[in-house]
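*Asks:* The structure's right below; bear with me while I get my questions together.
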Protein chains: 2
Amino acid sequence: MKPIRLTHLLAGLDSAALTPEASIAIAREAIAAGDGTIGAFVRLAPASSHAEALAATGPLRGVPLGVKDIYDTADMATEYGSPIYAGHRPRADAALVTMARRRGAYIAGKTATTEFAHMQPAATRNPRDLAHTPGGSSSGSAAAVAAGMVAGAFGSQTAGSIIRPAAFCGVAGYKPSFRLLPTVGMKTFAWSLDTAGLFAAGVADVALLAALLTGRDLAVPATPLGSLRIGLYRSTADAGLAPDMRSAVATAAGRLEAAGAALVDMPEPDALAEARDAQRMLQDFEAALALGHEHEAHADALSPGLRAALDAGAAITPDAYDAARRVARHGRKAATALFDGVDALLVPSALGAAPRSLETTGDPAMNRLWTLTGNPCVNVPGLVTTAGMPLGLTIVTRFGRDRDALAIGAHLEELLA
Amino acid sequence: MKPIRLTHLLAGLDSAALTPEASIAIAREAIAAGDGTIGAFVRLAPASSHAEALAATGPLRGVPLGVKDIYDTADMATEYGSPIYAGHRPRADAALVTMARRRGAYIAGKTATTEFAHMQPAATRNPRDLAHTPGGSSSGSAAAVAAGMVAGAFGSQTAGSIIRPAAFCGVAGYKPSFRLLPTVGMKTFAWSLDTAGLFAAGVADVALLAALLTGRDLAVPATPLGSLRIGLYRSTADAGLAPDMRSAVATAAGRLEAAGAALVDMPEPDALAEARDAQRMLQDFEAALALGHEHEAHADALSPGLRAALDAGAAITPDAYDAARRVARHGRKAATALFDGVDALLVPSALGAAPRSLETTGDPAMNRLWTLTGNPCVNVPGLVTTAGMPLGLTIVTRFGRDRDALAIGAHLEELLA
């Protein structure tokens, strides 16, 4: 199964070569055929929702989307990847779901999430090799897009939960500037980090999805980019990079340079090394409050790993948390200053390809910092290991420059093709 | 009924002059006796929760609190002031509720909120004069504290929903620095503005409640304050001030000066005048997304006023919203710069005393700006009109300087006594 390119799908729908009914039917057939093996979906849309989606008008009419089961849906149970919420039926759709439905999208179902979007794996396999993790926490959304079941999907990222699974599954992932997309109706893990974002086949597809969903000027421009300055960002976190990821960065840098970009070596400022460390403390402290009820009333139904994280978070003093918030604030300023001399940074999306394991979702070491700073990030697919597993690269731009991140990401994707 | 002073209540509980059982029973009796007239509560705690509260240990054991019905509670329905949520029973307590229960507090019940914390009045009367509004949107929380039913209450503010009702009911209200208290499990109206906060009888009481609830050093210090510099902030919004509110500001300024404070006249910078205007646009745009499902699926069950606000919000373009966000960002910087020369600002908490009407909750004109900037605000009670209605004054301090706001507010309250 190849990913559905949203750009092509919409061209087909626009030209009436494809009806919205047929587009929805194709997605449902792809899910029926493939999801027994992949496990991307935890729940499919009720039959009533097909007619409702077809009755809607809007630029996404006939576009099948997957929604991570961390977002509330009024017409489907929403379980947040936890037995505590078995059968839970929210009263309202999350804001992002309402936006999609208003614009005519067909919500095909709920995609698997790790437990409360933390680390405990969901039962999803990587469509590129079933023995490998799809990454997490947006496991099902990345896998559903990679397996060609839906044209796009919603995810969320608190440490590395969009960019990492996109990289592992070989699709585009877009983590917008913090709060560009609403998180209302998403189960909170850490409110100063939780970021709503999107998956699609390629960068141009995810850009188009973002544009049509929000009414913002985010689609990749048809005109070529001017001469780019690209920062090669180096940090101590790079120590954990796999050799094939180092090669992938070098390959991408070489292609950019050959296409006329100037490459600038950028060692990590201290303020950002400290900010990366602060991310964990913010995440743990806030999670202990955000999941306080579950921690208090349902501790036995939590995985040991999450329980330990919540215990650790509850032990952090307000003073230590406040100090971490100050570090984060300085880190955000330092992140903005990075872009005084470059248009974008090129960084690995993960330490390497997806681990060959279903017991882990991989390491968000490459993503934590940019979630904390809130900068837009785009995972660019295209490169692979010698074994054929995807290696993802991230384009990072200045806060608020989402359009640039998507345009430069699409440019790089073409160069890698 | 006089407000219960938390400082006195805790002294009684500490000395065993009062048992937690008796404290809870007193609150329940006060509610039973008074709430038929006041209408502060929409729902009382189930009998099972008394035993649970008494089984808990912690610094708030035996302290009765009211929770605005905009915060989720797992043991009581949560209706957000809207018939759309009639009988809605959340699966989890809001984070603030969990924090309170963990520390032993007794949640006496849910207090009345305006519809989704917007403008449509709740059926609550002002305990100081039943013909007057208690203010909104945290109508029930302010009234329950003013009527001596509970020792403290939770509120939320998106424009002026904590400071205004506190002022109208003659109690202390504390709007902390943005995100000092978690909003997880609060129904979102506008995510960049919604602020969780507290009510109690006096400023020292609300400071103690904040300190015990969060484990932060927020209690009013026993030592006297050094020599203060207080800014008298003047803006074009003052044009709407009632004469008795102008007198109240002058009285408070005079008492502060007599006590050794230096008063500094501070005209509003342009950046903050613009920021005040931007508050409305942020509120409307975000509300149209946050309440998108209700707007879409239950429009007939919304009040005409809220429906009009959501329609207006849905018509705002992303570009206009982004421009307003930039204005807000500049406003926050300008707000910080205000405190380079002063320790705190003294501003009116409302245009005057509570309007003699139950058809309006009053005007948040004096509060919008400080909600947008996120600065800590404390309503200081003490002054009254010639008719005996409370006139509230606000102490505003630099972002993050909550302790100063509470300490200076308590100082002013003593000077006004």
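Identifiers for the structure tokens are assigned positionally: chains receive A, B, ... in sequence, residues are indexed from 1 per chain, and ligands are indexed from 1 in the order shown.
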List the neighbours of Glu294 (chain B) out to 10 Å using only C-alpha atoms; skip same-chain residues closer than 2 positions along the sequence, and give me the result as number ranges by chain.

*Replies:* A: 91-93, 98; B: 84-85, 288-292, 296-302, 307, 310

*Asks:* Considering only C-alpha atoms, extract the chain B residues located within 10 Å of chain A and return them as an MDAnalysis selection string.

*Replies:* chainID B and resid 73:74 84:85 88:99 101:102 179:185 187:192 214:217 286:297 317:319 322 400

*Asks:* Excluding same-chain residues fewer than 6 positions from Pro165 (chain B), what lies within 12 Å of it counting only C-alpha atoms, as an MDAnalysis selection string?

*Replies:* chainID B and resid 113:114 121 124:128 132:146 155:157 159 171:175 198:200 349:350 352:355 360:364 367 379:381 390:393

*Asks:* Write out as a ChimeraX atom specification all residues of region 168-388 of chain A that DSSP puts in helix (DSSP H, G or I) for this structure's backbone.

*Replies:* /A:168-169,203-214,236-240,243-258,270-290,292-297,299-301,304-314,318-340,368-373

*Asks:* With a distance cut-off of 8 Å and only C-alpha atoms, select the neighbouring residues of Ala278 (chain B), excluding the residue or stretch itself and same-chain residues fewer than 3 positions from it, and output the selection as a PDB file with C-alpha atoms, in the first residue's frame.

*Replies:*
ATOM      1  CA  GLU B 274      -3.775  48.400  21.726  1.00  0.00           C
ATOM      2  CA  ALA B 275      -3.371  45.232  23.749  1.00  0.00           C
ATOM      3  CA  MET B 281     -10.347  39.556  19.156  1.00  0.00           C
ATOM      4  CA  LEU B 282      -8.293  36.806  20.792  1.00  0.00           C
ATOM      5  CA  ALA B 324      -3.810  40.517  17.486  1.00  0.00           C
ATOM      6  CA  ARG B 325      -1.416  37.920  18.898  1.00  0.00           C
ATOM      7  CA  VAL B 327      -0.122  43.080  19.618  1.00  0.00           C
ATOM      8  CA  ALA B 328      -0.604  40.896  22.689  1.00  0.00           C
TER       9      ALA B 328
END

*Asks:* Any idea what the distance is between CA of Met1 (chain A) and CA of Ala51 (chain A)?

*Replies:*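 That distance, rounded to one decimal, is 26.3 Å.
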
*Asks:* Pick from B:Thr19, B:Ala259, B:Leu218, B:Ala27: nearest to Glu414 (chain B), with only C-alpha atoms counted?

*Replies:* B:Ala259

*Asks:* For Gly12 (chain A), which of A:Arg326, A:Arg164, A:Arg61, A:Arg255 is the closest residue, counting only C-alpha atoms?

*Replies:*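 The shortest atom-to-atom distance to Gly12 (chain A) comes from A:Arg61.
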
*Asks:* Which residues are near Ala30 (chain A)? Cut-off 9 Å, only C-alpha atoms, ignore same chain within fewer than 3 positions. Put them as a list in words.

*Replies:*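 My list of contacting residues is Met1, Ala25, Ile26, Ala27, Ala33, Gly34, Asp35, Ala147, Gly148, Met149 and Val150 of chain A.
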
*Asks:* Got time to write the residues from that selection, C-alpha atoms, as a PDB file, in the first residue's frame?

*Replies:*
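Everything below was put into again.pdb:
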ATOM      1  CA  MET A   1       0.000   0.000   0.000  1.00  0.00           C
ATOM      2  CA  ALA A  25     -14.943   3.935   0.108  1.00  0.00           C
ATOM      3  CA  ILE A  26     -11.320   3.471  -0.971  1.00  0.00           C
ATOM      4  CA  ALA A  27     -10.095   4.526   2.453  1.00  0.00           C
ATOM      5  CA  ALA A  33      -7.705  -4.867   4.038  1.00  0.00           C
ATOM      6  CA  GLY A  34      -4.635  -3.702   5.915  1.00  0.00           C
ATOM      7  CA  ASP A  35      -5.400  -2.820   9.463  1.00  0.00           C
ATOM      8  CA  ALA A 147      -0.063   2.376   4.875  1.00  0.00           C
ATOM      9  CA  GLY A 148      -2.248   4.411   2.535  1.00  0.00           C
ATOM     10  CA  MET A 149      -5.375   4.091   4.641  1.00  0.00           C
ATOM     11  CA  VAL A 150      -6.079   7.826   4.997  1.00  0.00           C
TER      12      VAL A 150
END

*Asks:* For region 41-44 of chain B, find every residue with an atom within 8 Å (counting only C-alpha atoms), except residues of its own chain fewer than 6 positions away, and show them as an mmCIF file with N, CA and C atoms, in the first residue's frame.

*Replies:*
data_model
loop_
_atom_site.group_PDB
_atom_site.id
_atom_site.type_symbol
_atom_site.label_atom_id
_atom_site.label_comp_id
_atom_site.auth_asym_id
_atom_site.auth_seq_id
_atom_site.Cartn_x
_atom_site.Cartn_y
_atom_site.Cartn_z
ATOM 1 N N ASP B 35 -28.686 29.490 50.785
ATOM 2 C CA ASP B 35 -28.547 29.439 49.330
ATOM 3 C C ASP B 35 -29.864 29.454 48.571
ATOM 4 N N ASP B 69 -18.651 25.783 38.390
ATOM 5 C CA ASP B 69 -19.128 24.664 37.565
ATOM 6 C C ASP B 69 -18.588 24.712 36.134
ATOM 7 N N MET B 76 -19.571 14.806 40.794
ATOM 8 C CA MET B 76 -20.737 15.685 40.624
ATOM 9 C C MET B 76 -20.867 16.048 39.158
ATOM 10 N N ALA B 77 -22.090 16.203 38.708
ATOM 11 C CA ALA B 77 -22.305 16.668 37.334
ATOM 12 C C ALA B 77 -21.610 18.012 37.145
ATOM 13 N N ALA B 108 -17.438 21.461 48.733
ATOM 14 C CA ALA B 108 -18.834 21.501 49.198
ATOM 15 C C ALA B 108 -19.824 21.397 48.047
ATOM 16 N N GLY B 109 -19.433 21.833 46.875
ATOM 17 C CA GLY B 109 -20.355 21.760 45.743
ATOM 18 C C GLY B 109 -19.857 22.596 44.597
ATOM 19 N N LYS B 110 -20.685 22.643 43.565
ATOM 20 C CA LYS B 110 -20.356 23.392 42.354
ATOM 21 C C LYS B 110 -21.082 24.735 42.398
ATOM 22 N N THR B 111 -20.346 25.783 42.120
ATOM 23 C CA THR B 111 -20.929 27.118 42.162
ATOM 24 C C THR B 111 -21.353 27.573 40.761
ATOM 25 N N ALA B 112 -22.334 28.452 40.761
ATOM 26 C CA ALA B 112 -22.945 28.891 39.501
ATOM 27 C C ALA B 112 -21.950 29.645 38.631
ATOM 28 N N GLY B 140 -21.200 32.422 41.302
ATOM 29 C CA GLY B 140 -21.479 31.627 42.480
ATOM 30 C C GLY B 140 -20.304 31.558 43.435
ATOM 31 N N ALA B 144 -20.753 32.761 47.139
ATOM 32 C CA ALA B 144 -20.659 31.742 48.193
ATOM 33 C C ALA B 144 -19.655 32.155 49.268
#

*Asks:* Pull the strand (DSSP E or B) assignments for region 173-349 of chain A out of DSSP run on the backbone, and list those residues as a ChimeraX atom specification.

*Replies:* /A:173-175,186,195-200,229-234,262-267,344-348

*Asks:* For the residues in that selection, give me C-alpha atoms as a PDB file, in the first residue's frame.

*Replies:*
ATOM      1  CA  GLY A 173       4.949  15.153   9.892  1.00  0.00           C
ATOM      2  CA  TYR A 174       4.276  18.764  10.761  1.00  0.00           C
ATOM      3  CA  LYS A 175       4.570  20.133  14.283  1.00  0.00           C
ATOM      4  CA  MET A 186      -7.060  16.895  23.494  1.00  0.00           C
ATOM      5  CA  THR A 195       1.310  20.603  20.445  1.00  0.00           C
ATOM      6  CA  ALA A 196      -1.289  19.562  17.890  1.00  0.00           C
ATOM      7  CA  GLY A 197       0.026  18.561  14.488  1.00  0.00           C
ATOM      8  CA  LEU A 198      -0.498  16.717  11.242  1.00  0.00           C
ATOM      9  CA  PHE A 199       0.655  13.782   9.134  1.00  0.00           C
ATOM     10  CA  ALA A 200       0.380  13.298   5.371  1.00  0.00           C
ATOM     11  CA  ARG A 229      21.036  29.623   4.234  1.00  0.00           C
ATOM     12  CA  ILE A 230      20.682  26.354   6.145  1.00  0.00           C
ATOM     13  CA  GLY A 231      22.102  25.804   9.619  1.00  0.00           C
ATOM     14  CA  LEU A 232      23.597  22.429  10.491  1.00  0.00           C
ATOM     15  CA  TYR A 233      22.762  22.359  14.162  1.00  0.00           C
ATOM     16  CA  ARG A 234      25.144  20.330  16.344  1.00  0.00           C
ATOM     17  CA  ALA A 262      24.768  27.981   1.847  1.00  0.00           C
ATOM     18  CA  LEU A 263      25.404  25.640   4.786  1.00  0.00           C
ATOM     19  CA  VAL A 264      26.338  27.110   8.132  1.00  0.00           C
ATOM     20  CA  ASP A 265      27.710  25.030  10.966  1.00  0.00           C
ATOM     21  CA  MET A 266      25.891  25.945  14.186  1.00  0.00           C
ATOM     22  CA  PRO A 267      27.052  24.600  17.523  1.00  0.00           C
ATOM     23  CA  ALA A 344      16.186  27.071   8.590  1.00  0.00           C
ATOM     24  CA  LEU A 345      18.000  24.376  10.523  1.00  0.00           C
ATOM     25  CA  LEU A 346      18.538  20.841   9.293  1.00  0.00           C
ATOM     26  CA  VAL A 347      18.494  18.286  12.123  1.00  0.00           C
ATOM     27  CA  PRO A 348      17.892  14.544  12.413  1.00  0.00           C
TER      28      PRO A 348
END

*Asks:* So that I can see what lies close to Arg329 (chain B), please list as a count of residues only the residues with an atom at most 10 Å from it, counting only C-alpha atoms and leaving out residues fewer than 5 positions away in the same chain.

*Replies:* 8

*Asks:* Hey, can you check how far CA of Thr236 (chain B) sits from CA of Glu413 (chain B)?

*Replies:*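 Computing the Euclidean distance for CA of Thr236 (chain B) and CA of Glu413 (chain B) yields 26.6 Å.
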
*Asks:* Could you tell me which of B:His118, B:Arg280, B:His330, B:Arg398 comes closest to Ile70 (chain B) if we count only C-alpha atoms?

*Replies:*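 Among the listed residues, B:His118 lies closest to Ile70 (chain B).
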